[in-house]
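Peer 1: Quick one: the structure is below, questions incoming.
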Amino acid sequence: MNTRAGNQEFFHNNRFIHDFRQASPYIHHFNGKTLVLAISSHVLVSDKLAALAADILLLTSLGMRLVIIHGCSQYIQAIAGRSTAISIDENPITDEAALELVKQASGIARFNLEAALSMIPTQIMEHSTPNIRIAGGNFLRAKPLGVINGIDMCYSGCVRKVDATAIEERLAHNQLVLISPIGHSLSGQCYRLQVNEVAQAVSEAISAEKLIFLGTQQGLLDEQQQTISKLNCIEIRQLLARNITDKRQTELLQTAAHVLEHGVQRVHVLSGLQDGSLLQELFTREGSGTAMAKAPFMRIRPAENKDIGEILQLIAPLEATGVLLPRDSEYMENHIHEFSVLEQDCYVYGCVALHVYPEENAGELACLIVSPDARARGYGELLLAHVIKQAQELQLQALFALSTHTGDWFVERGFSSATLAQLPAERQQQYTSNKRRSKIFRRQL
């Protein structure tokens, strides 16, 4: 047997199992959720379109409801390049000739995208499966920008209304909705719209779970030109106030801030030119671009029965080494109300329990665990602060902690050594019976 080949196969198998298990909470969470994808025309004209289309089809097969808004600027430039009399690059004014170019470019972009989405991906085993149904229509009501600073913007417009009901009807029938950056007025006139504005209006109108921008850049960049992985609304406002980003980034930040304040849960900025970036952003903890949320991504919340499996996984390595007492599913079901979990997006990174002894007006901090994947992030301190706050709200006078290995950690955080006699009577009996001889620490509240 080739030992080297066997080791490689073992590594790859383990890697697949690890990655699939990591993705499973996200797959479950996104089932039935609505995502709006705003795809730059730079991506549509690249050789990466087929791979991106296959990933989009994979998302629909996992039960996600998708609305796609496409750009068309690269197609406009390609057409305009054949006519020296017409140039609308970066021009906010859309005259009649430019409007005709926008219509032509939108048609080409749309049909190319429809063709890519009509291919049967290689990962679909049954090739008799019908193509995904793609829905289009007059979903956008537009109005003219009018005269700005004495300049008539002609056929440049803005979104007046989104027909959210019509979009929802298509999504409810498992159709992918495709929207071009053109709107129509009540008088039947067409107006050129900006992709960012359309994406903002649509995602808000249908209360999308996520708005995802797929462009040429791998996320938003900081002052050192490094990708920013996460931002919340406060950080977005701070970046905008510092005025350090370019025009495109400023537009994306402004759009993100607006939609996050109006019901959209997440905004992502990714490179559509990087193979698999969409899947990596949605189904891995690390992501691939910039993710933005209204509030910080991490939260501590009361544990629920659905968290028992993940809590037991956190506990298992410490049980095996004798650091913690064994806890089984039955124990967890009976005591889940005492636990809190630290969650980032769909993944539980830590847990802690507060056992209350009402007769002694005291509480015990127990089972404080942080995943090895999240060490050095300060999550232990956050869980400790959470329990202290819980105990104070219950008007407890003291908080106890028992530990065989981490006594210094508690001492550094305001606990002092205590004796067995200082424990609640019930806890003294448990301490004596388990014979672990844990060190006892107490903090006055």
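Letters A, B, ... go to the chains of the structure tokens in the order shown; residues in each chain start at 1; ligands are counted from 1 in the same order.
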Find the nearest atom pair between each residue of stretch 196-278 of chain A and stretch 176-183 of chain A for residues within 12 Å, count only C-alpha atoms, give distances in Å to one decimal, sort rows by chain and ascending number, and present the table as a tab-separated table.
Peer 2:
```
residue	atom	partner	partner_atom	distance
A:Asn196	CA	A:Pro181	CA	9.3
A:Glu197	CA	A:Pro181	CA	9.0
A:Val198	CA	A:Pro181	CA	6.8
A:Ala199	CA	A:Pro181	CA	9.3
A:Ala201	CA	A:Pro181	CA	11.6
A:Val202	CA	A:Ile179	CA	9.5
A:Ser203	CA	A:Ile179	CA	12.0
```
Peer 1: Do you have the atom CA of A:Arg327-atom CA of A:His405 distance handy?
Peer 2: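 Separation of atom CA of A:Arg327 and atom CA of A:His405: 18.4 Å.
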Peer 1: List as number ranges by chain the protein and nucleic acid residues near stretch 348-351 of chain A, meaning an atom at most 8 Å away when only C-alpha atoms are counted, but skip any in the same chain fewer than 4 places from it.
Peer 2: A: 307, 310-311, 314, 339-344, 367-371, 373-374, 379-380, 383
Peer 1: Can you spit out the residues from that selection as a PDB file, in the first residue's frame, using C-alpha atoms?
Peer 2:
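That gives us result.pdb:
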```pdb
ATOM      1  CA  ASP A 307     -27.987  24.202  21.005  1.00  0.00           C
ATOM      2  CA  GLU A 310     -23.061  22.100  19.978  1.00  0.00           C
ATOM      3  CA  ILE A 311     -22.692  22.605  23.750  1.00  0.00           C
ATOM      4  CA  LEU A 314     -17.653  22.076  23.300  1.00  0.00           C
ATOM      5  CA  PHE A 339     -27.031  27.990  30.040  1.00  0.00           C
ATOM      6  CA  SER A 340     -26.150  30.866  27.739  1.00  0.00           C
ATOM      7  CA  VAL A 341     -24.289  30.557  24.442  1.00  0.00           C
ATOM      8  CA  LEU A 342     -21.990  32.939  22.623  1.00  0.00           C
ATOM      9  CA  GLU A 343     -22.966  32.895  18.954  1.00  0.00           C
ATOM     10  CA  GLN A 344     -21.389  34.453  15.899  1.00  0.00           C
ATOM     11  CA  CYS A 367     -19.131  25.268  32.328  1.00  0.00           C
ATOM     12  CA  LEU A 368     -17.465  28.405  30.944  1.00  0.00           C
ATOM     13  CA  ILE A 369     -16.006  27.192  27.652  1.00  0.00           C
ATOM     14  CA  VAL A 370     -14.693  28.933  24.540  1.00  0.00           C
ATOM     15  CA  SER A 371     -14.047  26.978  21.340  1.00  0.00           C
ATOM     16  CA  ASP A 373     -11.268  28.196  17.093  1.00  0.00           C
ATOM     17  CA  ALA A 374     -12.071  31.434  18.940  1.00  0.00           C
ATOM     18  CA  TYR A 379     -14.943  35.726  24.549  1.00  0.00           C
ATOM     19  CA  GLY A 380     -14.208  34.260  27.994  1.00  0.00           C
ATOM     20  CA  LEU A 383     -19.212  35.268  29.020  1.00  0.00           C
TER      21      LEU A 383
END
```
Peer 1: Among stretch 27-188 of chain A, which residues does DSSP mark as alpha helix (DSSP H) when it is run on the backbone? Keep the chain and numbering as in the structure and answer as an MDAnalysis selection string.
Peer 2: chainID A and resid 27:30 41:44 49:61 73:80 96:117 164:172
Peer 1: Once you have the residues from the selection above, write them out as an mmCIF file, in the first residue's frame, restricted to C-alpha atoms.
Peer 2:
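Result went into part-v1.cif, see below:
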```
data_model
loop_
_atom_site.group_PDB
_atom_site.id
_atom_site.type_symbol
_atom_site.label_atom_id
_atom_site.label_comp_id
_atom_site.auth_asym_id
_atom_site.auth_seq_id
_atom_site.Cartn_x
_atom_site.Cartn_y
_atom_site.Cartn_z
ATOM 1 C CA ILE A 27 -27.233 25.616 4.987
ATOM 2 C CA HIS A 28 -29.996 25.108 7.532
ATOM 3 C CA HIS A 29 -30.222 28.822 8.340
ATOM 4 C CA PHE A 30 -30.445 30.041 4.739
ATOM 5 C CA SER A 41 -21.110 43.795 -15.578
ATOM 6 C CA HIS A 42 -17.338 43.278 -15.187
ATOM 7 C CA VAL A 43 -18.206 39.827 -13.844
ATOM 8 C CA LEU A 44 -20.760 39.157 -16.594
ATOM 9 C CA LEU A 49 -19.587 33.823 -15.288
ATOM 10 C CA ALA A 50 -20.202 30.098 -15.877
ATOM 11 C CA ALA A 51 -18.725 29.133 -12.488
ATOM 12 C CA LEU A 52 -20.700 31.863 -10.710
ATOM 13 C CA ALA A 53 -23.911 30.765 -12.436
ATOM 14 C CA ALA A 54 -23.307 27.180 -11.279
ATOM 15 C CA ASP A 55 -22.887 28.419 -7.696
ATOM 16 C CA ILE A 56 -26.102 30.446 -7.973
ATOM 17 C CA LEU A 57 -27.967 27.357 -9.140
ATOM 18 C CA LEU A 58 -26.505 25.450 -6.200
ATOM 19 C CA LEU A 59 -27.947 28.069 -3.828
ATOM 20 C CA THR A 60 -31.405 27.650 -5.352
ATOM 21 C CA SER A 61 -31.138 23.858 -4.950
ATOM 22 C CA SER A 73 -21.835 49.377 -18.060
ATOM 23 C CA GLN A 74 -19.278 47.106 -19.751
ATOM 24 C CA TYR A 75 -21.784 46.227 -22.470
ATOM 25 C CA ILE A 76 -22.588 49.920 -22.918
ATOM 26 C CA GLN A 77 -18.914 50.713 -23.402
ATOM 27 C CA ALA A 78 -18.517 47.869 -25.870
ATOM 28 C CA ILE A 79 -21.410 49.167 -27.964
ATOM 29 C CA ALA A 80 -20.450 52.826 -27.606
ATOM 30 C CA GLU A 96 -32.175 59.632 -26.058
ATOM 31 C CA ALA A 97 -29.151 58.096 -27.771
ATOM 32 C CA ALA A 98 -27.661 57.019 -24.447
ATOM 33 C CA LEU A 99 -30.990 55.524 -23.349
ATOM 34 C CA GLU A 100 -31.060 53.372 -26.472
ATOM 35 C CA LEU A 101 -27.577 52.130 -25.596
ATOM 36 C CA VAL A 102 -28.720 51.280 -22.080
ATOM 37 C CA LYS A 103 -31.646 49.275 -23.479
ATOM 38 C CA GLN A 104 -29.395 47.365 -25.877
ATOM 39 C CA ALA A 105 -26.764 46.691 -23.215
ATOM 40 C CA SER A 106 -29.351 45.561 -20.669
ATOM 41 C CA GLY A 107 -30.812 43.136 -23.181
ATOM 42 C CA ILE A 108 -27.416 41.623 -23.977
ATOM 43 C CA ALA A 109 -26.483 41.372 -20.290
ATOM 44 C CA ARG A 110 -29.800 39.792 -19.430
ATOM 45 C CA PHE A 111 -29.739 37.174 -22.175
ATOM 46 C CA ASN A 112 -26.120 36.247 -21.440
ATOM 47 C CA LEU A 113 -26.967 35.777 -17.772
ATOM 48 C CA GLU A 114 -30.076 33.764 -18.615
ATOM 49 C CA ALA A 115 -27.997 31.537 -20.881
ATOM 50 C CA ALA A 116 -25.420 30.933 -18.137
ATOM 51 C CA LEU A 117 -28.176 30.097 -15.638
ATOM 52 C CA ALA A 164 -42.677 43.728 -3.935
ATOM 53 C CA THR A 165 -45.871 41.688 -4.220
ATOM 54 C CA ALA A 166 -45.064 40.623 -7.771
ATOM 55 C CA ILE A 167 -41.497 39.681 -6.799
ATOM 56 C CA GLU A 168 -42.729 37.682 -3.809
ATOM 57 C CA GLU A 169 -45.206 35.810 -6.014
ATOM 58 C CA ARG A 170 -42.394 34.709 -8.336
ATOM 59 C CA LEU A 171 -40.177 33.688 -5.432
ATOM 60 C CA ALA A 172 -43.034 31.730 -3.851
#
```
Peer 1: Considering only C-alpha atoms, state which residue in the set A:Ser118, A:Thr284, A:Gln395, A:Thr419 is at the smallest distance from A:Asp19.
Peer 2: A:Thr284
Peer 1: Neighbours of A:Leu354 within 8 Å (only C-alpha atoms; same-chain residues fewer than 4 positions away dropped), as a PyMOL selection string?
Peer 2: chain A and resi 338-339+363-366+387+391
Peer 1: How many Å lie between atom CA of A:Arg65 and atom CA of A:Asn31, rounded to one decimal?
Peer 2: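 Interatomic distance, atom CA of A:Arg65 to atom CA of A:Asn31: 8.3 Å.
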Peer 1: Taking the DSSP assignment computed from this structure's backbone, write out as an MDAnalysis selection string all residues of stretch 297-392 of chain A that belong to strand (DSSP E or B).
Peer 2: chainID A and resid 298:302 339:344 347:357 362:370
